[in-house]
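Structure file target.csv with CSV, C-alpha atoms:
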chain,number,residue,atom,x,y,z
S,596,MET,CA,-24.1,-182.9,23.3
S,597,ALA,CA,-23.9,-186.5,22.2
S,598,THR,CA,-22.3,-185.6,18.9
S,599,ASN,CA,-19.6,-183.4,20.4
S,600,PRO,CA,-16.4,-185.4,19.8
S,601,MET,CA,-14.7,-183.9,22.9
S,602,HIS,CA,-17.5,-184.8,25.3
S,603,GLN,CA,-16.1,-188.3,25.9
S,604,PHE,CA,-13.0,-186.8,27.5
S,605,GLN,CA,-14.8,-184.9,30.2
S,606,VAL,CA,-14.0,-185.9,33.8
S,607,HIS,CA,-16.9,-185.8,36.2
S,608,ARG,CA,-17.3,-186.6,39.8
S,609,ILE,CA,-19.0,-189.9,40.9
S,610,GLY,CA,-20.4,-189.9,44.4
S,611,PRO,CA,-19.7,-187.3,47.2
S,612,GLU,CA,-17.1,-184.5,47.0
S,613,ILE,CA,-14.0,-185.3,49.0
S,614,LYS,CA,-11.7,-182.4,49.9
S,615,ILE,CA,-8.5,-182.9,51.9
S,616,VAL,CA,-6.5,-179.8,52.7
S,617,GLY,CA,-8.0,-177.8,49.9
S,618,ILE,CA,-7.1,-180.5,47.3
S,619,ASP,CA,-10.0,-182.1,45.4
S,620,LEU,CA,-9.7,-185.8,45.8
S,621,SER,CA,-13.2,-186.8,44.7
S,622,PHE,CA,-13.7,-190.2,43.0
S,623,THR,CA,-14.2,-189.5,39.3
S,624,ASN,CA,-14.9,-191.6,36.2
S,625,ALA,CA,-11.2,-191.5,35.5
S,626,SER,CA,-10.4,-193.1,38.9
S,627,LEU,CA,-13.2,-195.6,38.2
S,628,PHE,CA,-11.6,-196.8,35.0
S,629,MET,CA,-8.2,-196.9,36.5
S,630,LEU,CA,-9.7,-199.1,39.2
S,631,PHE,CA,-11.4,-201.2,36.6
S,632,SER,CA,-8.2,-201.9,34.8
S,633,ALA,CA,-6.2,-202.6,38.0
S,634,ILE,CA,-8.9,-205.0,39.1
S,635,SER,CA,-9.1,-206.8,35.7
S,636,ILE,CA,-5.3,-207.2,35.6
S,637,CYS,CA,-5.4,-208.7,39.1
S,638,VAL,CA,-8.2,-211.0,38.3
S,639,LEU,CA,-6.6,-212.2,35.0
S,640,LEU,CA,-3.2,-212.8,36.7
S,641,PHE,CA,-4.8,-214.4,39.8
S,642,PHE,CA,-6.8,-217.0,37.7
S,643,GLY,CA,-3.8,-217.4,35.4
S,644,THR,CA,-1.5,-218.5,38.1
S,645,LYS,CA,-3.9,-220.2,40.5
S,646,GLU,CA,-3.5,-223.7,39.1
S,647,LYS,CA,-0.6,-224.9,36.9
S,648,ARG,CA,-1.3,-227.3,34.1
S,649,ILE,CA,0.8,-228.8,31.4
S,650,ILE,CA,-1.9,-227.9,28.9
S,651,PRO,CA,-2.7,-224.4,30.0
S,652,HIS,CA,-6.3,-223.1,30.2
S,653,LYS,CA,-7.1,-219.8,28.6
S,654,PHE,CA,-6.2,-217.5,31.6
S,655,GLN,CA,-2.9,-219.3,32.2
S,656,LEU,CA,-2.1,-219.1,28.5
S,657,ILE,CA,-2.7,-215.3,28.3
S,658,SER,CA,-0.7,-214.6,31.5
S,659,GLU,CA,2.2,-216.7,30.4
S,660,LEU,CA,2.1,-215.0,27.0
S,661,PHE,CA,2.3,-211.5,28.7
S,662,TYR,CA,5.1,-212.7,31.0
S,663,ASN,CA,7.2,-214.1,28.2
S,664,PHE,CA,6.6,-211.0,26.1
S,665,ILE,CA,7.8,-208.6,28.7
S,666,ALA,CA,10.7,-210.9,29.9
S,667,LYS,CA,12.0,-211.2,26.4
S,668,MET,CA,11.6,-207.5,25.8
S,669,ILE,CA,13.6,-206.6,28.9
S,670,SER,CA,16.4,-209.1,28.2
S,671,ASP,CA,16.6,-207.9,24.5
S,672,THR,CA,16.8,-204.2,25.2
S,673,ALA,CA,18.3,-203.8,28.6
S,674,GLY,CA,20.2,-207.0,29.2
S,675,SER,CA,20.3,-209.3,32.3
S,676,LYS,CA,21.1,-206.4,34.7
S,677,ALA,CA,17.5,-205.1,34.3
S,678,LYS,CA,16.0,-208.3,35.6
S,679,PRO,CA,15.2,-206.8,39.1
S,680,TYR,CA,13.1,-204.1,37.4
S,681,PHE,CA,10.8,-206.7,35.7
S,682,PRO,CA,7.9,-206.2,38.2
S,683,PHE,CA,7.8,-202.4,37.5
S,684,ILE,CA,7.9,-202.7,33.8
S,685,PHE,CA,5.4,-205.5,33.7
S,686,SER,CA,2.9,-203.6,35.8
S,687,LEU,CA,3.5,-200.4,33.8
S,688,PHE,CA,2.8,-202.2,30.5
S,689,MET,CA,-0.2,-204.1,31.8
S,690,PHE,CA,-1.7,-200.9,33.3
S,691,VAL,CA,-1.3,-198.8,30.1
S,692,LEU,CA,-2.5,-201.7,27.9
S,693,PHE,CA,-5.6,-202.3,30.0
S,694,CYS,CA,-6.4,-198.6,30.2
S,695,ASN,CA,-6.1,-198.3,26.5
S,696,MET,CA,-8.1,-201.5,25.8
S,697,LEU,CA,-10.9,-200.6,28.3
S,698,GLY,CA,-11.1,-197.3,26.5
S,699,MET,CA,-12.1,-199.1,23.3
S,700,LEU,CA,-15.3,-200.4,24.8
S,701,PRO,CA,-18.3,-198.3,24.0
S,702,TYR,CA,-19.5,-195.8,26.7
S,703,SER,CA,-16.2,-196.2,28.5
S,704,PHE,CA,-13.6,-193.6,29.4
S,705,THR,CA,-10.0,-193.7,28.2
S,706,VAL,CA,-7.7,-192.8,31.1
S,707,THR,CA,-4.6,-192.5,29.0
S,708,SER,CA,-6.2,-189.9,26.8
S,709,HIS,CA,-5.4,-187.3,29.5
S,710,ILE,CA,-2.0,-185.8,29.4
S,711,ILE,CA,-1.8,-185.5,33.2
S,712,VAL,CA,-2.0,-189.3,33.6
S,713,THR,CA,0.7,-190.1,31.1
S,714,LEU,CA,2.9,-187.2,32.1
S,715,ILE,CA,2.9,-188.3,35.8
S,716,MET,CA,3.9,-191.8,34.7
S,717,ALA,CA,6.6,-190.4,32.4
S,718,ILE,CA,8.0,-188.1,35.0
S,719,PHE,CA,8.0,-190.9,37.5
S,720,ILE,CA,10.0,-193.0,35.1
S,721,PHE,CA,12.3,-190.1,34.3
S,722,ILE,CA,13.1,-189.4,38.0
S,723,ALA,CA,13.5,-193.1,38.8
S,724,VAL,CA,15.9,-193.7,35.9
S,725,THR,CA,17.9,-190.6,36.8
S,726,VAL,CA,18.1,-191.8,40.5
S,727,ILE,CA,19.1,-195.3,39.4
S,728,GLY,CA,21.8,-193.9,37.1
S,729,PHE,CA,23.3,-191.8,39.9
S,730,LEU,CA,23.1,-194.7,42.4
S,731,LYS,CA,24.9,-197.1,40.0
S,732,HIS,CA,27.5,-194.8,38.6
S,733,GLY,CA,27.8,-191.9,41.0
S,734,LEU,CA,28.8,-188.7,39.3
S,735,GLY,CA,30.1,-190.8,36.4
S,736,TYR,CA,26.5,-190.8,35.2
S,737,LEU,CA,27.1,-187.3,33.9
S,738,LYS,CA,29.3,-188.8,31.2
S,739,LEU,CA,26.0,-189.5,29.4
S,740,PHE,CA,26.0,-185.8,28.5
S,741,VAL,CA,29.7,-185.8,27.3
S,742,PRO,CA,30.1,-188.3,24.4
S,743,SER,CA,33.6,-189.5,23.8
S,744,GLY,CA,35.5,-188.6,20.6
S,745,VAL,CA,34.2,-185.1,20.2
S,746,PRO,CA,36.6,-182.2,19.4
S,747,ILE,CA,37.0,-179.8,22.3
S,748,VAL,CA,35.6,-176.9,20.3
S,749,LEU,CA,32.3,-178.6,19.8
S,750,LEU,CA,32.0,-180.1,23.3
S,751,PRO,CA,29.9,-177.3,25.0
S,752,LEU,CA,27.4,-177.4,22.0
S,753,ILE,CA,27.1,-181.1,22.1
S,754,THR,CA,26.6,-181.1,25.9
S,755,VAL,CA,23.8,-178.6,25.6
S,756,ILE,CA,22.2,-180.7,22.9
S,757,GLU,CA,22.6,-183.9,24.9
S,758,ILE,CA,20.9,-182.2,27.9
S,759,ILE,CA,18.0,-181.1,25.8
S,760,SER,CA,17.6,-184.6,24.4
S,761,TYR,CA,17.7,-186.0,27.9
S,762,LEU,CA,15.1,-183.6,29.2
S,763,SER,CA,12.8,-184.2,26.2
S,764,ARG,CA,12.4,-187.9,27.2
S,765,PRO,CA,9.4,-187.5,29.6
S,766,VAL,CA,7.8,-185.1,27.1
S,767,SER,CA,8.0,-187.3,24.1
S,768,LEU,CA,7.1,-190.4,26.2
S,769,SER,CA,3.9,-188.8,27.6
S,770,VAL,CA,2.8,-186.8,24.5
S,771,ARG,CA,3.1,-189.9,22.3
S,772,LEU,CA,0.7,-192.0,24.3
S,773,PHE,CA,-1.7,-189.1,25.1
S,774,ALA,CA,-1.8,-187.8,21.5
S,775,ASN,CA,-2.4,-191.2,19.9
S,776,MET,CA,-5.2,-192.1,22.3
S,777,MET,CA,-6.9,-188.8,22.1
S,778,ALA,CA,-6.6,-188.3,18.4
S,779,GLY,CA,-7.9,-191.9,17.7
S,780,HIS,CA,-10.9,-191.5,20.0
S,781,THR,CA,-11.8,-188.1,18.6
S,782,MET,CA,-11.6,-189.5,15.1
S,783,LEU,CA,-13.9,-192.4,16.0
S,784,LYS,CA,-16.4,-190.0,17.5
S,785,VAL,CA,-16.3,-187.7,14.5
S,786,PHE,CA,-16.9,-190.5,12.0
S,787,GLY,CA,-19.7,-191.8,14.3
S,788,GLY,CA,-21.2,-188.3,14.2
S,789,PHE,CA,-21.0,-188.3,10.4
S,790,VAL,CA,-23.0,-191.6,10.3
S,791,ILE,CA,-25.9,-190.0,12.2
S,792,SER,CA,-25.9,-186.6,10.4
S,793,LEU,CA,-25.7,-188.2,6.8
S,794,GLY,CA,-28.4,-190.7,7.7
S,795,MET,CA,-29.5,-193.7,5.5
S,796,LEU,CA,-28.4,-192.1,2.2
S,797,GLY,CA,-24.7,-191.1,2.8
S,798,GLY,CA,-24.0,-192.7,6.2
S,799,TRP,CA,-22.6,-196.0,4.9
S,800,LEU,CA,-19.2,-194.6,3.9
S,801,PRO,CA,-18.3,-193.2,7.3
S,802,LEU,CA,-19.7,-196.3,8.9
S,803,GLY,CA,-17.2,-198.4,7.0
S,804,PHE,CA,-14.5,-195.9,8.0
S,805,SER,CA,-15.3,-196.2,11.6
S,806,VAL,CA,-15.2,-200.0,11.5
S,807,ALA,CA,-11.8,-199.8,9.9
S,808,LEU,CA,-10.7,-197.1,12.5
S,809,THR,CA,-11.8,-199.3,15.4
S,810,GLY,CA,-9.5,-202.0,14.2
S,811,LEU,CA,-6.7,-199.5,13.8
S,812,GLU,CA,-7.4,-198.1,17.3
S,813,ILE,CA,-7.1,-201.6,18.8
S,814,LEU,CA,-3.7,-202.0,17.1
S,815,VAL,CA,-2.6,-198.5,18.3
S,816,ALA,CA,-3.8,-199.2,21.9
S,817,PHE,CA,-1.5,-202.3,22.0
S,818,LEU,CA,1.3,-200.6,20.1
S,819,GLN,CA,1.4,-197.6,22.4
S,820,ALA,CA,1.5,-199.7,25.5
S,821,TYR,CA,4.4,-201.6,23.9
S,822,VAL,CA,6.3,-198.5,22.9
S,823,PHE,CA,5.8,-197.0,26.4
S,824,ALA,CA,7.3,-200.1,28.0
S,825,ILE,CA,10.1,-200.6,25.5
S,826,LEU,CA,11.2,-197.0,25.9
S,827,THR,CA,11.3,-197.4,29.6
S,828,CYS,CA,13.5,-200.4,29.0
S,829,ILE,CA,15.8,-198.3,26.8
S,830,TYR,CA,16.1,-195.5,29.3
S,831,LEU,CA,16.8,-198.1,32.0
S,832,ASN,CA,19.5,-199.6,29.8
S,833,ASP,CA,21.2,-196.2,29.5
S,834,ALA,CA,21.1,-195.8,33.3
S,835,LEU,CA,22.4,-199.4,34.0
S,836,ASN,CA,25.0,-199.9,31.2
S,837,LEU,CA,26.6,-196.6,30.6
S,838,HIS,CA,28.0,-196.8,27.0
S,839,HIS,CA,28.5,-193.4,25.6
I,1355,MET,CA,-4.4,-236.7,39.6
I,1356,VAL,CA,-1.7,-238.4,37.5
I,1357,ASN,CA,-1.3,-235.4,35.4
I,1358,HIS,CA,-0.5,-233.2,38.3
I,1359,ASN,CA,2.4,-235.3,39.7
I,1360,ASN,CA,3.8,-235.5,36.3
I,1361,PHE,CA,3.7,-231.8,35.9
I,1362,LYS,CA,5.6,-231.1,39.2
I,1363,THR,CA,8.5,-233.3,38.1
I,1364,ARG,CA,8.5,-231.7,34.7
I,1365,LEU,CA,8.5,-228.2,36.3
I,1366,LYS,CA,11.5,-229.2,38.4
I,1367,ILE,CA,13.4,-230.4,35.4
I,1368,ALA,CA,12.6,-227.2,33.5
I,1369,LYS,CA,13.7,-225.0,36.4
I,1370,GLU,CA,17.0,-226.9,36.6
I,1371,LYS,CA,17.6,-226.5,32.9
I,1372,LEU,CA,17.0,-222.7,33.3
I,1373,LYS,CA,19.5,-222.5,36.1
I,1374,ASN,CA,22.2,-224.3,34.1
I,1375,SER,CA,21.8,-222.1,31.0
I,1376,SER,CA,22.9,-218.6,31.8
I,1377,LYS,CA,20.9,-217.0,29.0
I,1378,ASN,CA,17.5,-218.5,28.7
I,1379,LEU,CA,15.9,-216.3,26.2
I,1380,ASP,CA,17.0,-216.2,22.6
I,1381,ASN,CA,17.1,-212.8,21.1
I,1382,ALA,CA,15.1,-212.8,18.0
I,1383,GLY,CA,14.6,-209.1,17.7
I,1384,ASN,CA,11.0,-208.6,16.5
I,1385,SER,CA,10.3,-205.1,17.5
I,1386,SER,CA,7.4,-203.5,15.6
I,1387,SER,CA,8.5,-201.1,12.9
I,1388,MET,CA,5.4,-199.1,13.4
I,1389,GLY,CA,6.4,-198.6,17.0
I,1390,SER,CA,9.7,-197.1,16.0
I,1391,ALA,CA,8.0,-194.9,13.5
I,1392,PHE,CA,5.8,-193.4,16.3
I,1393,LYS,CA,8.9,-193.0,18.4
I,1394,LEU,CA,10.9,-191.1,15.8
I,1395,SER,CA,8.1,-188.7,14.9
I,1396,THR,CA,7.3,-187.7,18.4
I,1397,ASP,CA,10.9,-187.5,19.4
I,1398,LEU,CA,11.6,-185.0,16.7
I,1399,VAL,CA,8.7,-182.7,17.9
I,1400,ALA,CA,9.5,-183.2,21.6
I,1401,HIS,CA,13.1,-182.1,21.2
I,1402,VAL,CA,12.1,-178.9,19.4
I,1403,ALA,CA,9.4,-178.1,22.0
I,1404,VAL,CA,11.7,-178.8,25.0
I,1405,GLY,CA,14.5,-176.7,23.4
I,1406,THR,CA,12.1,-173.8,22.9
I,1407,ILE,CA,10.7,-174.1,26.5
I,1408,ILE,CA,14.3,-174.1,27.9
I,1409,GLY,CA,15.1,-171.0,25.9
I,1410,PHE,CA,11.9,-169.3,27.1
I,1411,ILE,CA,12.7,-170.0,30.7
I,1412,LEU,CA,16.3,-168.9,30.4
I,1413,ASP,CA,15.1,-165.7,28.6
I,1414,ASN,CA,12.9,-164.8,31.6
I,1415,TRP,CA,15.8,-165.5,33.9
I,1416,PHE,CA,18.5,-163.4,32.2
I,1417,ASP,CA,16.2,-160.8,30.6
I,1418,THR,CA,17.5,-161.3,27.1
I,1419,LYS,CA,14.1,-161.5,25.6
I,1420,PRO,CA,14.2,-162.7,22.0
I,1421,TRP,CA,17.8,-164.2,21.8
I,1422,LEU,CA,18.0,-167.3,23.9
I,1423,ILE,CA,14.6,-168.6,22.7
I,1424,ILE,CA,15.8,-168.3,19.1
I,1425,ILE,CA,19.2,-170.0,19.9
I,1426,PHE,CA,17.5,-172.8,21.9
I,1427,PHE,CA,14.9,-173.4,19.2
I,1428,PHE,CA,17.6,-174.2,16.7
I,1429,LEU,CA,19.6,-176.2,19.3
I,1430,GLY,CA,16.4,-178.2,19.9
I,1431,SER,CA,16.0,-178.8,16.2
I,1432,VAL,CA,19.6,-180.0,16.0
I,1433,ALA,CA,19.1,-182.3,19.0
I,1434,GLY,CA,16.0,-183.8,17.4
I,1435,ILE,CA,17.6,-184.4,14.1
I,1436,LEU,CA,20.7,-185.9,15.7
I,1437,ASN,CA,18.6,-188.1,17.8
I,1438,VAL,CA,16.7,-189.4,14.8
I,1439,ILE,CA,20.0,-190.1,13.0
I,1440,LYS,CA,21.3,-191.9,16.1
I,1441,THR,CA,18.1,-194.1,16.3
I,1442,ALA,CA,18.2,-194.8,12.6
I,1443,LYS,CA,21.9,-196.0,12.9
I,1444,LEU,CA,21.0,-198.3,15.8
I,1445,MET,CA,18.1,-199.7,13.7
I,1446,GLN,CA,20.5,-200.4,10.8
I,1447,GLU,CA,23.0,-202.1,13.1
I,1448,LYS,CA,20.2,-204.4,14.3
I,1449,ASP,CA,19.4,-205.7,10.8
Kindly present the structure from the file in structure tokens form.
Amino acid sequence: MATNPMHQFQVHRIGPEIKIVGIDLSFTNASLFMLFSAISICVLLFFGTKEKRIIPHKFQLISELFYNFIAKMISDTAGSKAKPYFPFIFSLFMFVLFCNMLGMLPYSFTVTSHIIVTLIMAIFIFIAVTVIGFLKHGLGYLKLFVPSGVPIVLLPLITVIEIISYLSRPVSLSVRLFANMMAGHTMLKVFGGFVISLGMLGGWLPLGFSVALTGLEILVAFLQAYVFAILTCIYLNDALNLHH
Amino acid sequence: MVNHNNFKTRLKIAKEKLKNSSKNLDNAGNSSSMGSAFKLSTDLVAHVAVGTIIGFILDNWFDTKPWLIIIFFFLGSVAGILNVIKTAKLMQEKD
């Protein structure tokens, strides 16, 4: 059981079973780790903004770093029109980042390694961006599917292709995060299992591999949160400044 | 605290400076190239998958079993490749 690499992804109930109108709403280890990451974000930002100093203390430094990072990313990719959406993208980035990073702790659970979590976030972004696009441009938003400068003969084909590429946004957004997190954690566990089964004689090589993989996974955890946030910015940019 | 008072005036000055300059953040594009590599690879797969799924659903609707799924599989592949070319062109423009 302990060496089964997929065992770490199992969701199990903590505490009593809660059922409302036939839907299982029990508190699970996934909800526990979502709560953990939300609480740690709140604690970090609360202590980071409580007192302002010229020479910042550590918490202030970290929260200012995150703020600048996201603010710069939004203004670079989506322009000044996207400023009102800063809170949404900031909380999205922080939540994904903290879920990924908490998953790197031993004995913890990676919330983002479940496709249902990432798919819900991606579908929410997809619907929100579509609604924003229609609110800002009305039916003119449909111009996104009809690029200019295309010969009439090719137009139906191109439109179908554009629609496919629009619909594939939530899929690629969610699958990227989920697949990276799950593959990485499975790999870590597999190499950990090799260390035990090869013992003192041959276990040193996989041990070295898992040390290197842990470093790689921390990079991937940050990178995937960054990619998730920057793609949200890019989609928002399409909805706000129609330039097809 | 002397430091604190000093800080408040400094903050005020900084805020006024921000108000005066319309664009406060310089754009030194420093997006990670590994991030765009991840984006390109999954985009290509997702387009093909979504195209095939659309073909499958339309096939069930119109009862044209094998044809639409084949057509939409290729359309999805075309969409994926076009999207990769588009993203690559954007990346080249940035440099």
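Of the listed residues I:Ile1425, I:Asn1437, I:Lys1373, I:Trp1415, the one whose atoms come nearest to chain S is I:Asn1437, with distances taken using all atoms listed in the file.
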Quick check: residues of chain I within 7 Å of chain S, only C-alpha atoms, returned as a PDB file with C-alpha atoms, keeping the file's coordinate frame.
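Now in out.pdb:
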ATOM      1  CA  PHE I1361       3.700-231.800  35.900  1.00  0.00           C
ATOM      2  CA  LEU I1379      15.900-216.300  26.200  1.00  0.00           C
ATOM      3  CA  ASN I1381      17.100-212.800  21.100  1.00  0.00           C
ATOM      4  CA  GLY I1389       6.400-198.600  17.000  1.00  0.00           C
ATOM      5  CA  THR I1396       7.300-187.700  18.400  1.00  0.00           C
ATOM      6  CA  ASP I1397      10.900-187.500  19.400  1.00  0.00           C
ATOM      7  CA  ALA I1400       9.500-183.200  21.600  1.00  0.00           C
ATOM      8  CA  HIS I1401      13.100-182.100  21.200  1.00  0.00           C
ATOM      9  CA  VAL I1404      11.700-178.800  25.000  1.00  0.00           C
ATOM     10  CA  GLY I1405      14.500-176.700  23.400  1.00  0.00           C
ATOM     11  CA  LEU I1429      19.600-176.200  19.300  1.00  0.00           C
ATOM     12  CA  GLY I1430      16.400-178.200  19.900  1.00  0.00           C
ATOM     13  CA  ALA I1433      19.100-182.300  19.000  1.00  0.00           C
TER      14      ALA I1433
END
When you draw a straight line from atom CA of S:Asn599 to atom CA of S:Gly794, how long is it in Å?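 If I compute the distance from atom CA of S:Asn599 to atom CA of S:Gly794, I get 17.1 Å.
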Have a look at atom CA of S:Pro682 and atom CA of S:Leu730 and let me know their distance in Å, one decimal.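 Atom-to-atom, atom CA of S:Pro682 and atom CA of S:Leu730 are spaced 19.5 Å apart.
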Would you mind reading off the distance between atom CA of S:Leu687 and atom CA of I:Ile1435, one decimal, in Å? 29.0 Å
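In this comparison, which uses only C-alpha atoms, the residue of S:Thr644, S:Thr705, S:Asn836, S:Ser621 approaching S:Glu659 most closely is S:Thr644.
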Using only C-alpha atoms, which residues sit within 10 Å of S:Tyr680 once same-chain residues fewer than 4 positions away are excluded, as a PyMOL selection string? chain S and resi 669+676+684-685+828+831
Provide an axis-aligned box for all listed atoms of stretch 696-699 of chain S, padding each side by 6 Å; report its centre and its edge lengths in Å to one decimal, as lines of an AutoDock Vina configuration file.
center_x = -10.1
center_y = -199.4
center_z = 25.8
size_x = 16.0
size_y = 16.2
size_z = 17.0
Got a moment to write stretch 665-680 of chain S out with N, CA and C atoms, as a compact mmCIF listing (two decimals), in the first residue's frame?
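This went into out10.txt:
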# COMPACT_ATOMS: atom_id res chain seq x y z
N ILE S 665 2.52 40.03 -10.13
CA ILE S 665 1.24 39.89 -10.80
C ILE S 665 0.85 41.19 -11.51
N ALA S 666 1.10 42.34 -10.85
CA ALA S 666 0.72 43.61 -11.47
C ALA S 666 1.47 43.81 -12.77
N LYS S 667 2.75 43.45 -12.79
CA LYS S 667 3.57 43.58 -13.99
C LYS S 667 3.10 42.63 -15.08
N MET S 668 2.76 41.40 -14.65
CA MET S 668 2.30 40.41 -15.61
C MET S 668 1.02 40.89 -16.29
N ILE S 669 0.08 41.43 -15.51
CA ILE S 669 -1.20 41.88 -16.08
C ILE S 669 -0.97 43.05 -17.01
N SER S 670 -0.16 44.02 -16.60
CA SER S 670 0.01 45.19 -17.47
C SER S 670 0.81 44.82 -18.72
N ASP S 671 1.67 43.83 -18.64
CA ASP S 671 2.43 43.41 -19.82
C ASP S 671 1.56 42.69 -20.83
N THR S 672 0.70 41.77 -20.33
CA THR S 672 -0.02 40.91 -21.27
C THR S 672 -1.39 41.44 -21.64
N ALA S 673 -2.08 42.11 -20.71
CA ALA S 673 -3.47 42.49 -21.00
C ALA S 673 -3.67 44.00 -21.01
N GLY S 674 -2.63 44.78 -20.72
CA GLY S 674 -2.77 46.23 -20.79
C GLY S 674 -3.47 46.83 -19.59
N SER S 675 -3.67 48.16 -19.66
CA SER S 675 -4.21 48.86 -18.49
C SER S 675 -5.70 48.59 -18.28
N LYS S 676 -6.38 48.12 -19.36
CA LYS S 676 -7.83 47.86 -19.22
C LYS S 676 -8.11 46.72 -18.26
N ALA S 677 -7.10 45.85 -18.04
CA ALA S 677 -7.30 44.66 -17.21
C ALA S 677 -7.08 44.93 -15.73
N LYS S 678 -6.75 46.17 -15.38
CA LYS S 678 -6.49 46.51 -13.97
C LYS S 678 -7.61 46.08 -13.02
N PRO S 679 -8.91 46.29 -13.39
CA PRO S 679 -9.98 45.91 -12.46
C PRO S 679 -10.00 44.42 -12.13
N TYR S 680 -9.38 43.59 -12.98
CA TYR S 680 -9.42 42.15 -12.75
C TYR S 680 -8.22 41.67 -11.95
